[in-house]
Amino acid sequence: MNENIKSEMQKHQQNQRLNAAELGYLWAQYLGDTLYVCVLGYFLSVVKDAEIKELLKKAHQISQTHVDELTELFSSEKIPIQVGFGEQDGNKGVPALFDEIFMAIYVNEMAIGGMKKYARALSAVRRQDIYDHLSRCVKESDSLLESSNHVILRKSMLR
C-alpha cells in the first residue's frame, strides 16, 4: 500500500474505536495465546530434543509477544483485560505427558489454526493498526508452520 495513503488512514483512524468484529477476534486471540503460552511453557520445561526445543521457544515467544501487544492495546483502548490462562493453569513440575514429536505436531496444528483464524479476521477489520497486527500474525504463523513442518519431517524420518 502507498505509504502516504497508509499514513492518512492511520491519522484518520487514530480515534476510531474497535468495532465488534475486531474486538471479538482480538479477545479470541488473547485467550488462545494465553493458552499457548501456558501449554508451550510446560512443553519447554520437559522437552529434551534440542531441535524441538528451539521450535517450542519460537512458538512460545510469538504467543507471548501477542499477549503483551494485546494487553497494551486493550489498556490503551480502556478495555478491561480478560482473564486468560496463566501459571495457575499448569503444573511444570510433572514429568512429560507427551512424546516430543507430539509437541512439534501441536505447534504445527497451532500454526495452521492461526493462519486460518488471522486470515479470516483480516476480512472483518477496518482499523489499519489492527489490520497490520493481524497481517503480521499471518506471516508469523506461516513461518511457524514451515519450521514445524521441517522438524516433523526430519524427526519422522529418524524413527
# chains A, B, ... in the order shown; residues from 1 in each chain; ligands from 1

call {"tool": "residues_around", "arguments": {"residues": "Arg120 of chain A", "least_positions_apart": "4", "cutoff": "12 Å", "atoms": "only C-alpha atoms", "output": "count of residues only"}}
result
14

call {"tool": "residues_around", "arguments": {"residues": "Val39 of chain A", "least_positions_apart": "4", "cutoff": "8 Å", "atoms": "only C-alpha atoms", "output": "PyMOL selection string"}}
result
chain A and resi 35+43+90

call {"tool": "closest_residue", "arguments": {"among": "A:Gln16, A:Thr34, A:Gln128, A:Asn91", "to": "Ile62 of chain A", "atoms": "only C-alpha atoms"}}
result
A:Thr34

call {"tool": "closest_residue", "arguments": {"among": "A:Leu70, A:Met110, A:Leu153, A:Ile101", "to": "Ala28 of chain A", "atoms": "only C-alpha atoms"}}
result
A:Leu70

call {"tool": "residues_around", "arguments": {"residues": "Leu145 of chain A", "least_positions_apart": "6", "cutoff": "8 Å", "atoms": "only C-alpha atoms", "output": "ChimeraX atom specification"}}
result
/A:107-108,111-112

call {"tool": "write_last_selection", "arguments": {"atoms": "C-alpha atoms", "output": "CSV table (one decimal), in the first residue's frame"}}
result
chain,number,residue,atom,x,y,z
A,107,VAL,CA,3.0,-26.4,17.2
A,108,ASN,CA,2.2,-27.4,13.6
A,111,ALA,CA,0.2,-22.6,13.2
A,112,ILE,CA,-2.4,-24.0,10.8

call {"tool": "atom_distance", "arguments": {"atom1": "atom CA of Glu69 of chain A", "atom2": "atom CA of Asp129 of chain A"}}
result
11.6 Å

call {"tool": "closest_residue", "arguments": {"among": "A:Leu23, A:Arg126, A:Gln88, A:Phe102", "to": "Leu56 of chain A", "atoms": "only C-alpha atoms"}}
result
A:Phe102

call {"tool": "closest_residue", "arguments": {"among": "A:Tyr36, A:Met103, A:Pro95, A:Ala59", "to": "Asp142 of chain A", "atoms": "only C-alpha atoms"}}
result
A:Ala59

call {"tool": "residues_around", "arguments": {"residues": "Cys38 of chain A", "least_positions_apart": "4", "cutoff": "8 Å", "atoms": "only C-alpha atoms", "output": "list in words"}}
result
Thr34, Tyr42, Phe85, Gly86, Glu87, Asp89 and Gly90 of chain A

call {"tool": "decode", "arguments": {"residues": "segment 121-135 of chain A", "atoms": "all heavy atoms", "output": "mmCIF file, in the first residue's frame"}}
result
data_model
loop_
_atom_site.group_PDB
_atom_site.id
_atom_site.type_symbol
_atom_site.label_atom_id
_atom_site.label_comp_id
_atom_site.auth_asym_id
_atom_site.auth_seq_id
_atom_site.Cartn_x
_atom_site.Cartn_y
_atom_site.Cartn_z
ATOM 1 N N ALA A 121 -9.970 -13.107 10.075
ATOM 2 C CA ALA A 121 -10.140 -11.850 10.800
ATOM 3 C C ALA A 121 -9.799 -10.641 9.925
ATOM 4 O O ALA A 121 -10.433 -9.585 10.044
ATOM 5 C CB ALA A 121 -9.272 -11.851 12.057
ATOM 6 N N LEU A 122 -8.824 -10.793 9.038
ATOM 7 C CA LEU A 122 -8.435 -9.680 8.170
ATOM 8 C C LEU A 122 -9.609 -9.137 7.364
ATOM 9 O O LEU A 122 -9.677 -7.938 7.092
ATOM 10 C CB LEU A 122 -7.316 -10.113 7.213
ATOM 11 C CG LEU A 122 -5.919 -10.169 7.805
ATOM 12 C CD1 LEU A 122 -4.951 -10.801 6.815
ATOM 13 C CD2 LEU A 122 -5.443 -8.789 8.218
ATOM 14 N N SER A 123 -10.535 -10.003 7.007
ATOM 15 C CA SER A 123 -11.668 -9.560 6.188
ATOM 16 C C SER A 123 -12.670 -8.726 6.975
ATOM 17 O O SER A 123 -13.538 -8.079 6.378
ATOM 18 C CB SER A 123 -12.374 -10.766 5.564
ATOM 19 O OG SER A 123 -13.014 -11.532 6.577
ATOM 20 N N ALA A 124 -12.562 -8.731 8.308
ATOM 21 C CA ALA A 124 -13.556 -8.037 9.131
ATOM 22 C C ALA A 124 -13.036 -6.770 9.801
ATOM 23 O O ALA A 124 -13.803 -6.068 10.446
ATOM 24 C CB ALA A 124 -14.080 -8.996 10.198
ATOM 25 N N VAL A 125 -11.753 -6.488 9.650
ATOM 26 C CA VAL A 125 -11.197 -5.332 10.351
ATOM 27 C C VAL A 125 -11.175 -4.102 9.454
ATOM 28 O O VAL A 125 -11.075 -4.211 8.231
ATOM 29 C CB VAL A 125 -9.784 -5.614 10.906
ATOM 30 C CG1 VAL A 125 -9.808 -6.781 11.874
ATOM 31 C CG2 VAL A 125 -8.779 -5.838 9.814
ATOM 32 N N ARG A 126 -11.276 -2.952 10.095
ATOM 33 C CA ARG A 126 -11.247 -1.685 9.367
ATOM 34 C C ARG A 126 -10.091 -0.799 9.800
ATOM 35 O O ARG A 126 -9.594 -0.011 9.022
ATOM 36 C CB ARG A 126 -12.570 -0.928 9.556
ATOM 37 C CG ARG A 126 -13.777 -1.671 9.042
ATOM 38 C CD ARG A 126 -13.689 -1.858 7.526
ATOM 39 N NE ARG A 126 -14.733 -2.744 7.029
ATOM 40 C CZ ARG A 126 -14.551 -4.001 6.656
ATOM 41 N NH1 ARG A 126 -13.371 -4.556 6.741
ATOM 42 N NH2 ARG A 126 -15.535 -4.729 6.199
ATOM 43 N N ARG A 127 -9.685 -0.924 11.042
ATOM 44 C CA ARG A 127 -8.590 -0.086 11.526
ATOM 45 C C ARG A 127 -7.264 -0.602 10.994
ATOM 46 O O ARG A 127 -6.984 -1.790 11.028
ATOM 47 C CB ARG A 127 -8.553 -0.071 13.060
ATOM 48 C CG ARG A 127 -9.498 0.944 13.633
ATOM 49 C CD ARG A 127 -9.477 1.080 15.121
ATOM 50 N NE ARG A 127 -8.207 0.922 15.801
ATOM 51 C CZ ARG A 127 -8.062 1.111 17.110
ATOM 52 N NH1 ARG A 127 -9.107 1.466 17.846
ATOM 53 N NH2 ARG A 127 -6.902 0.932 17.674
ATOM 54 N N GLN A 128 -6.451 0.324 10.518
ATOM 55 C CA GLN A 128 -5.176 -0.038 9.911
ATOM 56 C C GLN A 128 -4.231 -0.712 10.913
ATOM 57 O O GLN A 128 -3.553 -1.677 10.575
ATOM 58 C CB GLN A 128 -4.509 1.197 9.297
ATOM 59 C CG GLN A 128 -3.268 0.879 8.485
ATOM 60 C CD GLN A 128 -3.579 0.050 7.245
ATOM 61 O OE1 GLN A 128 -4.527 0.334 6.533
ATOM 62 N NE2 GLN A 128 -2.788 -0.981 7.005
ATOM 63 N N ASP A 129 -4.200 -0.226 12.163
ATOM 64 C CA ASP A 129 -3.301 -0.826 13.148
ATOM 65 C C ASP A 129 -3.670 -2.281 13.442
ATOM 66 O O ASP A 129 -2.801 -3.138 13.584
ATOM 67 C CB ASP A 129 -3.245 0.001 14.435
ATOM 68 C CG ASP A 129 -4.589 0.140 15.135
ATOM 69 O OD1 ASP A 129 -5.652 0.045 14.477
ATOM 70 O OD2 ASP A 129 -4.587 0.381 16.365
ATOM 71 N N ILE A 130 -4.957 -2.575 13.462
ATOM 72 C CA ILE A 130 -5.415 -3.947 13.705
ATOM 73 C C ILE A 130 -5.131 -4.803 12.471
ATOM 74 O O ILE A 130 -4.687 -5.949 12.586
ATOM 75 C CB ILE A 130 -6.908 -3.979 14.070
ATOM 76 C CG1 ILE A 130 -7.209 -3.053 15.261
ATOM 77 C CG2 ILE A 130 -7.369 -5.405 14.346
ATOM 78 C CD1 ILE A 130 -6.399 -3.330 16.510
ATOM 79 N N TYR A 131 -5.350 -4.236 11.293
ATOM 80 C CA TYR A 131 -5.041 -4.957 10.057
ATOM 81 C C TYR A 131 -3.551 -5.312 10.008
ATOM 82 O O TYR A 131 -3.187 -6.441 9.699
ATOM 83 C CB TYR A 131 -5.435 -4.113 8.829
ATOM 84 C CG TYR A 131 -5.298 -4.884 7.540
ATOM 85 C CD1 TYR A 131 -6.380 -5.579 7.017
ATOM 86 C CD2 TYR A 131 -4.081 -4.935 6.863
ATOM 87 C CE1 TYR A 131 -6.255 -6.309 5.837
ATOM 88 C CE2 TYR A 131 -3.937 -5.663 5.694
ATOM 89 C CZ TYR A 131 -5.037 -6.343 5.179
ATOM 90 O OH TYR A 131 -4.906 -7.077 4.027
ATOM 91 N N ASP A 132 -2.704 -4.346 10.340
ATOM 92 C CA ASP A 132 -1.259 -4.578 10.328
ATOM 93 C C ASP A 132 -0.869 -5.671 11.335
ATOM 94 O O ASP A 132 -0.040 -6.530 11.035
ATOM 95 C CB ASP A 132 -0.495 -3.290 10.640
ATOM 96 C CG ASP A 132 -0.614 -2.244 9.543
ATOM 97 O OD1 ASP A 132 -1.020 -2.588 8.406
ATOM 98 O OD2 ASP A 132 -0.310 -1.069 9.827
ATOM 99 N N HIS A 133 -1.466 -5.622 12.519
ATOM 100 C CA HIS A 133 -1.191 -6.636 13.539
ATOM 101 C C HIS A 133 -1.558 -8.029 13.033
ATOM 102 O O HIS A 133 -0.758 -8.966 13.121
ATOM 103 C CB HIS A 133 -1.972 -6.311 14.821
ATOM 104 C CG HIS A 133 -2.000 -7.418 15.814
ATOM 105 N ND1 HIS A 133 -0.935 -7.727 16.622
ATOM 106 C CD2 HIS A 133 -2.972 -8.326 16.106
ATOM 107 C CE1 HIS A 133 -1.246 -8.776 17.373
ATOM 108 N NE2 HIS A 133 -2.475 -9.159 17.083
ATOM 109 N N LEU A 134 -2.769 -8.170 12.504
ATOM 110 C CA LEU A 134 -3.233 -9.481 12.039
ATOM 111 C C LEU A 134 -2.441 -9.965 10.821
ATOM 112 O O LEU A 134 -2.174 -11.155 10.691
ATOM 113 C CB LEU A 134 -4.729 -9.434 11.728
ATOM 114 C CG LEU A 134 -5.629 -9.228 12.958
ATOM 115 C CD1 LEU A 134 -7.053 -8.931 12.518
ATOM 116 C CD2 LEU A 134 -5.577 -10.427 13.880
ATOM 117 N N SER A 135 -2.068 -9.044 9.967
ATOM 118 C CA SER A 135 -1.264 -9.400 8.798
ATOM 119 C C SER A 135 0.093 -9.956 9.236
ATOM 120 O O SER A 135 0.586 -10.954 8.700
ATOM 121 C CB SER A 135 -1.080 -8.170 7.905
ATOM 122 O OG SER A 135 -0.337 -8.477 6.770
#
